[in-house]
$ cat my_file27.txt   # compact mmCIF, C-alpha atoms and all ligand atoms
# COMPACT_ATOMS: atom_id res chain seq x y z
CA MET A 1 -7.35 11.06 66.78
CA LEU A 2 -8.48 13.46 64.07
CA SER A 3 -5.83 14.67 61.62
CA VAL A 4 -6.23 18.08 60.05
CA ALA A 5 -4.44 19.58 57.04
CA LEU A 6 -4.28 23.34 57.57
CA PRO A 7 -3.24 25.76 54.81
CA LYS A 8 0.06 27.39 55.73
CA GLY A 9 -0.18 31.15 56.07
CA ARG A 10 -2.59 33.81 57.26
CA LEU A 11 -5.76 31.87 56.41
CA GLY A 12 -4.49 28.78 58.21
CA GLU A 13 -3.72 30.76 61.34
CA LYS A 14 -7.18 32.28 61.32
CA VAL A 15 -8.78 28.88 60.82
CA TYR A 16 -6.65 27.36 63.59
CA GLU A 17 -8.19 29.93 65.98
CA MET A 18 -11.60 28.51 65.02
CA PHE A 19 -10.39 25.00 65.86
CA ALA A 20 -8.90 26.26 69.15
CA ARG A 21 -12.18 27.93 70.13
CA ALA A 22 -13.97 24.69 69.30
CA GLY A 23 -11.81 22.92 71.92
CA TYR A 24 -8.96 21.63 69.73
CA GLU A 25 -6.13 23.76 71.01
CA CYS A 26 -2.50 23.19 70.17
CA PRO A 27 -0.69 26.45 70.98
CA GLU A 28 2.76 25.34 69.73
CA LEU A 29 1.27 25.43 66.26
CA LEU A 30 1.64 29.21 66.11
CA ALA A 31 5.14 29.29 67.58
CA PRO A 32 7.78 30.45 65.10
CA GLY A 33 9.76 27.59 63.56
CA ARG A 34 9.78 25.12 60.71
CA ARG A 35 7.91 22.25 62.32
CA LEU A 36 5.04 20.89 60.23
CA VAL A 37 3.28 18.40 62.54
CA PHE A 38 1.65 19.26 65.87
CA GLU A 39 -0.40 17.11 68.17
CA ASN A 40 -2.61 17.53 71.21
CA GLU A 41 -3.21 13.98 72.32
CA GLU A 42 -5.62 14.97 75.05
CA ALA A 43 -7.82 16.90 72.63
CA GLY A 44 -7.46 14.07 70.09
CA ILE A 45 -6.15 16.25 67.30
CA ARG A 46 -3.12 16.33 65.02
CA TYR A 47 -2.41 19.27 62.69
CA PHE A 48 -0.21 19.48 59.58
CA TRP A 49 0.85 22.71 57.91
CA VAL A 50 0.38 22.13 54.20
CA LYS A 51 0.82 24.30 51.11
CA PRO A 52 -2.73 25.70 50.56
CA SER A 53 -3.08 24.20 47.10
CA ASP A 54 -2.08 20.76 48.44
CA VAL A 55 -4.64 20.49 51.28
CA ALA A 56 -7.22 18.74 49.09
CA ILE A 57 -4.67 16.11 47.98
CA TYR A 58 -3.81 15.18 51.58
CA VAL A 59 -7.50 14.89 52.39
CA GLU A 60 -8.48 13.05 49.21
CA ARG A 61 -5.78 10.44 49.79
CA GLY A 62 -6.57 10.05 53.49
CA ALA A 63 -3.26 11.43 54.81
CA ALA A 64 -5.51 13.87 56.67
CA ASP A 65 -9.09 13.19 57.80
CA ILE A 66 -10.19 16.76 57.28
CA GLY A 67 -8.74 20.00 55.97
CA VAL A 68 -9.43 23.56 55.02
CA ALA A 69 -9.21 24.49 51.36
CA GLY A 70 -10.25 27.49 49.31
CA LYS A 71 -13.25 27.04 47.03
CA ASP A 72 -10.87 28.03 44.18
CA ILE A 73 -8.84 24.86 44.71
CA LEU A 74 -11.98 22.71 44.96
CA LEU A 75 -13.33 24.12 41.70
CA GLU A 76 -10.02 23.86 39.90
CA TYR A 77 -9.03 20.32 40.92
CA ALA A 78 -12.43 18.79 41.78
CA PRO A 79 -10.92 16.48 44.43
CA ASN A 80 -12.94 13.46 45.51
CA VAL A 81 -13.74 14.73 49.04
CA TYR A 82 -16.78 15.90 50.95
CA GLU A 83 -17.21 19.65 51.16
CA LEU A 84 -18.74 19.95 54.62
CA MET A 85 -19.14 23.63 55.24
CA ASP A 86 -18.37 27.18 54.27
CA LEU A 87 -16.17 28.61 57.02
CA LYS A 88 -17.06 32.14 55.88
CA THR A 89 -13.49 33.29 56.07
CA GLY A 90 -10.79 33.90 53.48
CA ALA A 91 -13.41 35.62 51.34
CA CYS A 92 -12.32 36.77 47.89
CA ARG A 93 -13.49 36.23 44.31
CA MET A 94 -12.32 34.60 41.12
CA ALA A 95 -12.38 37.24 38.42
CA VAL A 96 -11.38 38.14 34.90
CA ALA A 97 -9.16 41.22 34.87
CA ALA A 98 -7.53 43.25 32.13
CA PRO A 99 -5.65 46.50 31.58
CA LYS A 100 -7.90 49.50 32.25
CA GLY A 101 -10.11 50.30 29.27
CA PHE A 102 -9.78 46.85 27.68
CA SER A 103 -12.82 45.57 25.88
CA ASP A 104 -13.10 42.17 24.25
CA GLU A 105 -14.31 42.67 20.70
CA GLY A 106 -14.70 38.91 20.35
CA ILE A 107 -12.93 38.86 16.99
CA ARG A 108 -9.79 36.84 17.62
CA THR A 109 -8.94 34.11 20.13
CA LEU A 110 -8.69 35.64 23.59
CA ARG A 111 -5.38 34.96 25.34
CA VAL A 112 -6.02 34.17 29.01
CA ALA A 113 -3.20 33.85 31.57
CA THR A 114 -4.05 31.98 34.75
CA LYS A 115 -3.10 29.49 37.41
CA PHE A 116 -6.70 28.22 37.28
CA THR A 117 -6.91 26.71 33.81
CA ASN A 118 -9.96 24.53 34.47
CA ILE A 119 -11.97 27.37 35.97
CA ALA A 120 -11.02 29.66 33.08
CA ARG A 121 -11.79 27.01 30.46
CA GLU A 122 -15.18 26.26 31.93
CA TYR A 123 -16.09 29.91 32.30
CA TYR A 124 -15.29 30.80 28.68
CA ALA A 125 -16.84 27.57 27.37
CA GLY A 126 -20.05 28.73 29.05
CA LEU A 127 -19.79 32.00 27.13
CA GLY A 128 -18.94 30.20 23.89
CA ARG A 129 -15.76 32.27 23.68
CA ASP A 130 -12.69 30.83 21.99
CA ILE A 131 -9.58 31.16 24.19
CA ASP A 132 -5.91 30.34 24.33
CA ILE A 133 -4.87 29.43 27.89
CA ILE A 134 -1.44 30.44 29.12
CA HIS A 135 -0.70 28.60 32.34
CA LEU A 136 1.41 30.55 34.86
CA ASN A 137 2.32 29.73 38.45
CA GLY A 138 2.23 33.19 40.01
CA SER A 139 2.50 36.97 39.43
CA ILE A 140 -0.27 36.50 36.87
CA GLU A 141 -0.84 40.27 36.73
CA LEU A 142 2.38 40.62 34.74
CA ALA A 143 1.04 38.77 31.71
CA PRO A 144 -1.21 41.49 30.22
CA ILE A 145 1.30 44.20 31.13
CA LEU A 146 3.95 42.49 29.03
CA GLY A 147 1.54 41.58 26.24
CA LEU A 148 1.76 37.87 27.03
CA SER A 149 -2.03 37.71 27.41
CA ASP A 150 -5.11 39.87 26.87
CA VAL A 151 -6.73 39.11 30.21
CA ILE A 152 -6.09 37.14 33.38
CA VAL A 153 -8.27 34.88 35.49
CA ASP A 154 -7.14 35.20 39.08
CA ILE A 155 -8.12 35.70 42.69
CA VAL A 156 -8.99 39.23 43.73
CA GLU A 157 -9.17 39.99 47.42
CA THR A 158 -8.68 43.69 48.15
CA GLY A 159 -8.04 44.61 44.52
CA ALA A 160 -4.72 46.25 45.48
CA THR A 161 -2.59 44.05 43.20
CA LEU A 162 -4.76 44.90 40.20
CA ARG A 163 -4.83 48.63 41.00
CA GLU A 164 -1.09 48.87 41.50
CA ASN A 165 -0.54 47.24 38.13
CA GLY A 166 -3.05 49.27 36.11
CA LEU A 167 -5.55 46.43 35.79
CA GLU A 168 -9.25 46.23 36.65
CA VAL A 169 -11.91 43.56 37.06
CA VAL A 170 -13.83 42.85 33.86
CA SER A 171 -16.18 40.28 35.37
CA THR A 172 -16.54 38.18 38.47
CA ILE A 173 -16.62 34.43 37.87
CA THR A 174 -17.48 33.24 41.38
CA PRO A 175 -17.13 34.20 45.05
CA ILE A 176 -14.52 32.21 46.98
CA SER A 177 -14.15 31.34 50.67
CA ALA A 178 -12.53 28.68 52.84
CA ARG A 179 -14.31 25.33 53.07
CA LEU A 180 -14.05 22.50 55.58
CA ILE A 181 -13.47 19.28 53.63
CA ALA A 182 -13.33 15.66 54.71
CA ASN A 183 -11.89 12.42 53.41
CA LYS A 184 -14.80 10.18 52.41
CA ALA A 185 -13.70 7.12 54.42
CA SER A 186 -12.85 9.27 57.46
CA TYR A 187 -16.30 10.80 57.31
CA LYS A 188 -17.72 7.31 57.61
CA PHE A 189 -15.43 5.97 60.34
CA LYS A 190 -14.85 9.16 62.36
CA ARG A 191 -18.25 10.65 61.73
CA ASP A 192 -19.04 11.47 65.38
CA GLU A 193 -15.83 13.43 65.85
CA ILE A 194 -16.21 15.29 62.58
CA VAL A 195 -19.87 16.14 63.18
CA LYS A 196 -18.98 17.38 66.67
CA LEU A 197 -16.42 19.73 65.16
CA GLN A 198 -18.88 20.91 62.52
CA ARG A 199 -21.43 21.69 65.25
CA ALA A 200 -18.89 23.69 67.22
CA PHE A 201 -18.06 25.69 64.09
CA SER A 202 -21.73 26.31 63.31
CA GLU A 203 -22.40 27.50 66.88
CA GLU A 204 -19.42 29.78 66.66
CA GLY A 205 -20.74 31.15 63.36
CA SER A 206 -24.18 31.81 64.76
CA ASN A 207 -22.68 33.55 67.83
CA ALA A 208 -20.41 35.74 65.73
C1 LIG A 301 -3.25 36.35 45.05
C2 LIG A 301 -3.71 36.64 43.64
C3 LIG A 301 -3.38 38.10 43.48
C4 LIG A 301 -3.53 38.64 44.89
C5 LIG A 301 -4.85 39.36 45.01
O1 LIG A 301 -1.90 36.09 45.01
O2 LIG A 301 -3.04 35.82 42.71
O3 LIG A 301 -2.09 38.28 42.99
O4 LIG A 301 -3.53 37.53 45.78
O5 LIG A 301 -5.00 39.99 46.26
P1 LIG A 301 -5.44 41.52 46.36
O6 LIG A 301 -6.66 41.70 45.53
O7 LIG A 301 -5.73 41.70 47.84
O8 LIG A 301 -4.31 42.36 45.91
P2 LIG A 301 -1.14 35.33 46.14
O9 LIG A 301 -0.71 36.30 47.20
O10 LIG A 301 -1.96 34.20 46.63
O11 LIG A 301 0.17 34.83 45.40
P3 LIG A 301 0.45 34.30 43.92
O12 LIG A 301 1.01 35.46 43.17
O13 LIG A 301 1.43 33.20 44.13
O14 LIG A 301 -0.83 33.81 43.32
$ encode --input "my_file27.txt" --output "structure tokens" --more "lines below"
Ligand code: PRP
Amino acid sequence: MLSVALPKGRLGEKVYEMFARAGYECPELLAPGRRLVFENEEAGIRYFWVKPSDVAIYVERGAADIGVAGKDILLEYAPNVYELMDLKTGACRMAVAAPKGFSDEGIRTLRVATKFTNIAREYYAGLGRDIDIIHLNGSIELAPILGLSDVIVDIVETGATLRENGLEVVSTITPISARLIANKASYKFKRDEIVKLQRAFSEEGSNA
């Protein structure tokens, strides 16, 4: 039995369809309700709906053999897992954004609001720019509007949130997409099953 931590939400549903096409169906998973654990004994698979930012923790600690996590989470938390493949879905980018017309004169410490403090720290360290990190848990776009920060480091997908709040991308830090990850011990002991799944995903990708 292979256990899979799926990120709750739109990305998770899309990724589940990939699993289903690969032969690991479990239709009740998409039924409305509050259940979190689903199993298809015949197909040898058990799914958990997990908060997207928690997927890597379940996998790292072996509560799930494999999971699907955004590259943003893997960069931010550097979990001790294997990153097996890019699922080429959930594409977006990690970017610096600021109110339209903002330019960093580099004179005083730059105030950066973000959920991704490690990514932001590393990015600005690479530029040799002195920053003050303001850690927020959501609605990051508010920070520069209210003068809480100069810029934000956040995920940009369509750009609608930035546009509707008078912000724009200043620079792109890195492209992001969903990754298949595996617990290190599971990859050793359930290698055949995991490799089989990886193959099915790769074939699907090359047929797409
Ligand atoms: C993310 C991100 C932006 C938004 C970007 O937020 O933090 O706010 O999506 O998407 P867009 O470019 O398509 O507008 P999310 O919905 O994950 O919620 P959050 O505010 O909790 O981070």
$ atom_distance --input "my_file27.txt" --atom1 "atom CA of A:Arg21" --atom2 "atom CA of A:Glu204"
8.2 Å
$ residues_near_ligand --input "my_file27.txt" --ligand "ligand LIG 301 (chain A)" --cutoff "7 Å" --atoms "all atoms listed in the file" --output "short mmCIF file (atom, residue, chain, number, x, y, z; two decimals) with C-alpha atoms, in the coordinates of the input"
data_model
loop_
_atom_site.label_atom_id
_atom_site.label_comp_id
_atom_site.auth_asym_id
_atom_site.auth_seq_id
_atom_site.Cartn_x
_atom_site.Cartn_y
_atom_site.Cartn_z
CA ASN A 137 2.32 29.73 38.45
CA GLY A 138 2.23 33.19 40.01
CA SER A 139 2.50 36.97 39.43
CA ILE A 140 -0.27 36.50 36.87
CA GLU A 141 -0.84 40.27 36.73
CA ASP A 154 -7.14 35.20 39.08
CA ILE A 155 -8.12 35.70 42.69
CA VAL A 156 -8.99 39.23 43.73
CA GLU A 157 -9.17 39.99 47.42
CA THR A 158 -8.68 43.69 48.15
CA GLY A 159 -8.04 44.61 44.52
CA ALA A 160 -4.72 46.25 45.48
CA THR A 161 -2.59 44.05 43.20
CA LEU A 162 -4.76 44.90 40.20
#
$ residues_around --input "my_file27.txt" --residues "A:Ala185" --least-positions-apart "2" --cutoff "12 Å" --atoms "only C-alpha atoms" --output "JSON list (two decimals) with C-alpha atoms, keeping the file's coordinate frame"
[["chain", "number", "residue", "atom", "x", "y", "z"],
["A", 59, "VAL", "CA", -7.50, 14.89, 52.39],
["A", 60, "GLU", "CA", -8.48, 13.05, 49.21],
["A", 61, "ARG", "CA", -5.78, 10.44, 49.79],
["A", 62, "GLY", "CA", -6.57, 10.05, 53.49],
["A", 63, "ALA", "CA", -3.26, 11.43, 54.81],
["A", 64, "ALA", "CA", -5.51, 13.87, 56.67],
["A", 65, "ASP", "CA", -9.09, 13.19, 57.80],
["A", 66, "ILE", "CA", -10.19, 16.76, 57.28],
["A", 80, "ASN", "CA", -12.94, 13.46, 45.51],
["A", 81, "VAL", "CA", -13.74, 14.73, 49.04],
["A", 82, "TYR", "CA", -16.78, 15.90, 50.95],
["A", 182, "ALA", "CA", -13.33, 15.66, 54.71],
["A", 183, "ASN", "CA", -11.89, 12.42, 53.41],
["A", 187, "TYR", "CA", -16.30, 10.80, 57.31],
["A", 188, "LYS", "CA", -17.72, 7.31, 57.61],
["A", 189, "PHE", "CA", -15.43, 5.97, 60.34],
["A", 190, "LYS", "CA", -14.85, 9.16, 62.36],
["A", 191, "ARG", "CA", -18.25, 10.65, 61.73],
["A", 194, "ILE", "CA", -16.21, 15.29, 62.58]]
$ closest_residue --input "my_file27.txt" --among "A:Ile73, A:Leu11, A:Met85, A:Val4" --to "A:Gly205" --atoms "all atoms listed in the file"
A:Met85
$ closest_residue --input "my_file27.txt" --among "A:Gly70, A:Pro27, A:Gly101, A:Gly126" --to "A:Ala178" --atoms "all atoms listed in the file"
A:Gly70
$ closest_residue --input "my_file27.txt" --among "A:Gly90, A:Pro32, A:Pro99, A:Gly12" --to "A:Gly67" --atoms "all atoms listed in the file"
A:Gly12
$ closest_residue --input "my_file27.txt" --among "A:Val170, A:Lys115, A:Asp104, A:Asp130" --to "A:Ala143" --atoms "all atoms listed in the file"
A:Lys115
$ atom_distance --input "my_file27.txt" --atom1 "atom CA of A:Lys51" --atom2 "atom CA of A:Leu30"
15.8 Å
$ axis_aligned_box --input "my_file27.txt" --around "stretch 35-49 of chain A" --padding-each-side "6 Å" --output "lines of an AutoDock Vina configuration file"
center_x = 0.0
center_y = 18.3
center_z = 66.5
size_x = 27.7
size_y = 20.7
size_z = 29.1
$ atom_distance --input "my_file27.txt" --atom1 "atom CA of A:Ile134" --atom2 "atom CA of A:Gly9"
27.0 Å
$ residues_around --input "my_file27.txt" --residues "A:Tyr124" --least-positions-apart "3" --cutoff "12 Å" --atoms "all atoms listed in the file" --output "PyMOL selection string"
chain A and resi 96+106+109-112+117-121+127-133+153+171+173
$ residues_around --input "my_file27.txt" --residues "A:Glu83" --least-positions-apart "5" --cutoff "8 Å" --atoms "only C-alpha atoms" --output "ChimeraX atom specification"
/A:179-182
$ residues_around --input "my_file27.txt" --residues "A:Leu197" --least-positions-apart "5" --cutoff "9 Å" --atoms "all atoms listed in the file" --output "list in words"
Phe19, Ala22, Gly23, Tyr24, Asp192 and Ser202 of chain A
$ closest_residue --input "my_file27.txt" --among "A:Tyr123, A:Tyr77, A:Tyr16, A:Phe102" --to "A:Trp49" --atoms "all atoms listed in the file"
A:Tyr16
$ residues_around --input "my_file27.txt" --residues "A:Val15" --least-positions-apart "6" --cutoff "9 Å" --atoms "only C-alpha atoms" --output "VMD selection string"
chain A and resid 6 to 7 68 87 89 178
$ decode --input "my_file27.txt" --residues "stretch 33-47 of chain A" --atoms "all heavy atoms" --output "PDB file, in the first residue's frame"
ATOM      1  N   GLY A  33     -17.456  16.814   0.949  1.00  0.00           N
ATOM      2  CA  GLY A  33     -17.473  16.303   2.331  1.00  0.00           C
ATOM      3  C   GLY A  33     -16.208  16.712   3.043  1.00  0.00           C
ATOM      4  O   GLY A  33     -15.368  17.410   2.485  1.00  0.00           O
ATOM      5  N   ARG A  34     -16.085  16.264   4.277  1.00  0.00           N
ATOM      6  CA  ARG A  34     -14.951  16.692   5.105  1.00  0.00           C
ATOM      7  C   ARG A  34     -13.971  15.562   5.379  1.00  0.00           C
ATOM      8  O   ARG A  34     -13.059  15.720   6.178  1.00  0.00           O
ATOM      9  CB  ARG A  34     -15.464  17.245   6.459  1.00  0.00           C
ATOM     10  CG  ARG A  34     -16.577  18.273   6.357  1.00  0.00           C
ATOM     11  CD  ARG A  34     -16.084  19.624   5.934  1.00  0.00           C
ATOM     12  NE  ARG A  34     -15.232  20.226   6.935  1.00  0.00           N
ATOM     13  CZ  ARG A  34     -14.540  21.354   6.752  1.00  0.00           C
ATOM     14  NH1 ARG A  34     -14.609  21.966   5.593  1.00  0.00           N
ATOM     15  NH2 ARG A  34     -13.790  21.851   7.699  1.00  0.00           N
ATOM     16  N   ARG A  35     -14.199  14.416   4.722  1.00  0.00           N
ATOM     17  CA  ARG A  35     -13.298  13.288   4.974  1.00  0.00           C
ATOM     18  C   ARG A  35     -11.906  13.594   4.471  1.00  0.00           C
ATOM     19  O   ARG A  35     -11.733  14.255   3.453  1.00  0.00           O
ATOM     20  CB  ARG A  35     -13.853  12.057   4.252  1.00  0.00           C
ATOM     21  CG  ARG A  35     -13.792  10.807   5.087  1.00  0.00           C
ATOM     22  CD  ARG A  35     -14.561   9.718   4.397  1.00  0.00           C
ATOM     23  NE  ARG A  35     -13.622   8.765   3.819  1.00  0.00           N
ATOM     24  CZ  ARG A  35     -13.985   7.840   2.948  1.00  0.00           C
ATOM     25  NH1 ARG A  35     -15.225   7.789   2.515  1.00  0.00           N
ATOM     26  NH2 ARG A  35     -13.088   6.992   2.500  1.00  0.00           N
ATOM     27  N   LEU A  36     -10.888  13.084   5.178  1.00  0.00           N
ATOM     28  CA  LEU A  36      -9.501  13.398   4.833  1.00  0.00           C
ATOM     29  C   LEU A  36      -8.707  12.186   4.333  1.00  0.00           C
ATOM     30  O   LEU A  36      -7.652  12.344   3.739  1.00  0.00           O
ATOM     31  CB  LEU A  36      -8.779  14.005   6.044  1.00  0.00           C
ATOM     32  CG  LEU A  36      -9.377  15.314   6.584  1.00  0.00           C
ATOM     33  CD1 LEU A  36      -8.700  15.712   7.881  1.00  0.00           C
ATOM     34  CD2 LEU A  36      -9.246  16.431   5.558  1.00  0.00           C
ATOM     35  N   VAL A  37      -9.212  10.980   4.614  1.00  0.00           N
ATOM     36  CA  VAL A  37      -8.463   9.769   4.234  1.00  0.00           C
ATOM     37  C   VAL A  37      -9.317   8.910   3.298  1.00  0.00           C
ATOM     38  O   VAL A  37     -10.487   8.669   3.576  1.00  0.00           O
ATOM     39  CB  VAL A  37      -8.109   8.927   5.490  1.00  0.00           C
ATOM     40  CG1 VAL A  37      -7.262   7.728   5.105  1.00  0.00           C
ATOM     41  CG2 VAL A  37      -7.380   9.783   6.520  1.00  0.00           C
ATOM     42  N   PHE A  38      -8.719   8.490   2.198  1.00  0.00           N
ATOM     43  CA  PHE A  38      -9.424   7.678   1.202  1.00  0.00           C
ATOM     44  C   PHE A  38      -8.517   6.552   0.757  1.00  0.00           C
ATOM     45  O   PHE A  38      -7.315   6.748   0.617  1.00  0.00           O
ATOM     46  CB  PHE A  38      -9.789   8.542  -0.015  1.00  0.00           C
ATOM     47  CG  PHE A  38     -10.718   9.662   0.321  1.00  0.00           C
ATOM     48  CD1 PHE A  38     -10.217  10.866   0.809  1.00  0.00           C
ATOM     49  CD2 PHE A  38     -12.083   9.513   0.179  1.00  0.00           C
ATOM     50  CE1 PHE A  38     -11.070  11.900   1.139  1.00  0.00           C
ATOM     51  CE2 PHE A  38     -12.952  10.539   0.507  1.00  0.00           C
ATOM     52  CZ  PHE A  38     -12.442  11.739   0.988  1.00  0.00           C
ATOM     53  N   GLU A  39      -9.137   5.384   0.521  1.00  0.00           N
ATOM     54  CA  GLU A  39      -8.312   4.232   0.201  1.00  0.00           C
ATOM     55  C   GLU A  39      -8.917   3.428  -0.933  1.00  0.00           C
ATOM     56  O   GLU A  39     -10.134   3.279  -1.003  1.00  0.00           O
ATOM     57  CB  GLU A  39      -8.235   3.372   1.469  1.00  0.00           C
ATOM     58  CG  GLU A  39      -7.144   2.356   1.453  1.00  0.00           C
ATOM     59  CD  GLU A  39      -7.037   1.655   2.794  1.00  0.00           C
ATOM     60  OE1 GLU A  39      -6.810   2.329   3.825  1.00  0.00           O
ATOM     61  OE2 GLU A  39      -7.218   0.436   2.814  1.00  0.00           O
ATOM     62  N   ASN A  40      -8.064   2.938  -1.826  1.00  0.00           N
ATOM     63  CA  ASN A  40      -8.500   1.957  -2.809  1.00  0.00           C
ATOM     64  C   ASN A  40      -7.569   0.761  -2.634  1.00  0.00           C
ATOM     65  O   ASN A  40      -6.448   0.757  -3.141  1.00  0.00           O
ATOM     66  CB  ASN A  40      -8.420   2.538  -4.228  1.00  0.00           C
ATOM     67  CG  ASN A  40      -8.833   1.514  -5.270  1.00  0.00           C
ATOM     68  OD1 ASN A  40      -8.946   0.324  -4.981  1.00  0.00           O
ATOM     69  ND2 ASN A  40      -9.056   1.987  -6.488  1.00  0.00           N
ATOM     70  N   GLU A  41      -8.069  -0.202  -1.860  1.00  0.00           N
ATOM     71  CA  GLU A  41      -7.242  -1.332  -1.472  1.00  0.00           C
ATOM     72  C   GLU A  41      -6.756  -2.107  -2.695  1.00  0.00           C
ATOM     73  O   GLU A  41      -5.591  -2.501  -2.768  1.00  0.00           O
ATOM     74  CB  GLU A  41      -8.044  -2.240  -0.542  1.00  0.00           C
ATOM     75  CG  GLU A  41      -7.166  -2.862   0.530  1.00  0.00           C
ATOM     76  CD  GLU A  41      -7.969  -3.762   1.445  1.00  0.00           C
ATOM     77  OE1 GLU A  41      -9.067  -3.348   1.852  1.00  0.00           O
ATOM     78  OE2 GLU A  41      -7.486  -4.868   1.710  1.00  0.00           O
ATOM     79  N   GLU A  42      -7.671  -2.277  -3.639  1.00  0.00           N
ATOM     80  CA  GLU A  42      -7.349  -3.030  -4.852  1.00  0.00           C
ATOM     81  C   GLU A  42      -6.196  -2.392  -5.617  1.00  0.00           C
ATOM     82  O   GLU A  42      -5.282  -3.080  -6.082  1.00  0.00           O
ATOM     83  CB  GLU A  42      -8.577  -3.041  -5.750  1.00  0.00           C
ATOM     84  CG  GLU A  42      -8.914  -4.412  -6.300  1.00  0.00           C
ATOM     85  CD  GLU A  42     -10.276  -4.354  -6.945  1.00  0.00           C
ATOM     86  OE1 GLU A  42     -11.293  -4.428  -6.214  1.00  0.00           O
ATOM     87  OE2 GLU A  42     -10.313  -4.183  -8.171  1.00  0.00           O
ATOM     88  N   ALA A  43      -6.247  -1.065  -5.724  1.00  0.00           N
ATOM     89  CA  ALA A  43      -5.188  -0.356  -6.454  1.00  0.00           C
ATOM     90  C   ALA A  43      -3.949  -0.162  -5.577  1.00  0.00           C
ATOM     91  O   ALA A  43      -2.908   0.309  -6.048  1.00  0.00           O
ATOM     92  CB  ALA A  43      -5.707   0.991  -6.947  1.00  0.00           C
ATOM     93  N   GLY A  44      -4.070  -0.486  -4.279  1.00  0.00           N
ATOM     94  CA  GLY A  44      -2.931  -0.372  -3.366  1.00  0.00           C
ATOM     95  C   GLY A  44      -2.543   1.062  -3.065  1.00  0.00           C
ATOM     96  O   GLY A  44      -1.359   1.395  -2.954  1.00  0.00           O
ATOM     97  N   ILE A  45      -3.572   1.914  -2.901  1.00  0.00           N
ATOM     98  CA  ILE A  45      -3.249   3.327  -2.661  1.00  0.00           C
ATOM     99  C   ILE A  45      -4.131   3.926  -1.567  1.00  0.00           C
ATOM    100  O   ILE A  45      -5.305   3.568  -1.430  1.00  0.00           O
ATOM    101  CB  ILE A  45      -3.387   4.134  -3.987  1.00  0.00           C
ATOM    102  CG1 ILE A  45      -2.625   5.440  -3.930  1.00  0.00           C
ATOM    103  CG2 ILE A  45      -4.834   4.363  -4.380  1.00  0.00           C
ATOM    104  CD1 ILE A  45      -1.427   5.479  -4.774  1.00  0.00           C
ATOM    105  N   ARG A  46      -3.527   4.795  -0.772  1.00  0.00           N
ATOM    106  CA  ARG A  46      -4.269   5.519   0.257  1.00  0.00           C
ATOM    107  C   ARG A  46      -3.908   7.001   0.132  1.00  0.00           C
ATOM    108  O   ARG A  46      -2.726   7.343   0.071  1.00  0.00           O
ATOM    109  CB  ARG A  46      -3.897   5.012   1.642  1.00  0.00           C
ATOM    110  CG  ARG A  46      -4.636   5.733   2.748  1.00  0.00           C
ATOM    111  CD  ARG A  46      -4.150   5.362   4.119  1.00  0.00           C
ATOM    112  NE  ARG A  46      -4.491   3.996   4.474  1.00  0.00           N
ATOM    113  CZ  ARG A  46      -3.634   3.132   5.020  1.00  0.00           C
ATOM    114  NH1 ARG A  46      -2.402   3.500   5.275  1.00  0.00           N
ATOM    115  NH2 ARG A  46      -4.020   1.920   5.323  1.00  0.00           N
ATOM    116  N   TYR A  47      -4.934   7.845   0.043  1.00  0.00           N
ATOM    117  CA  TYR A  47      -4.704   9.295  -0.108  1.00  0.00           C
ATOM    118  C   TYR A  47      -5.077  10.048   1.158  1.00  0.00           C
ATOM    119  O   TYR A  47      -6.062   9.693   1.820  1.00  0.00           O
ATOM    120  CB  TYR A  47      -5.581   9.848  -1.233  1.00  0.00           C
ATOM    121  CG  TYR A  47      -5.248   9.345  -2.621  1.00  0.00           C
ATOM    122  CD1 TYR A  47      -6.034   8.373  -3.234  1.00  0.00           C
ATOM    123  CD2 TYR A  47      -4.156   9.855  -3.313  1.00  0.00           C
ATOM    124  CE1 TYR A  47      -5.734   7.915  -4.514  1.00  0.00           C
ATOM    125  CE2 TYR A  47      -3.858   9.403  -4.585  1.00  0.00           C
ATOM    126  CZ  TYR A  47      -4.647   8.434  -5.177  1.00  0.00           C
ATOM    127  OH  TYR A  47      -4.352   7.989  -6.444  1.00  0.00           O
TER     128      TYR A  47
END
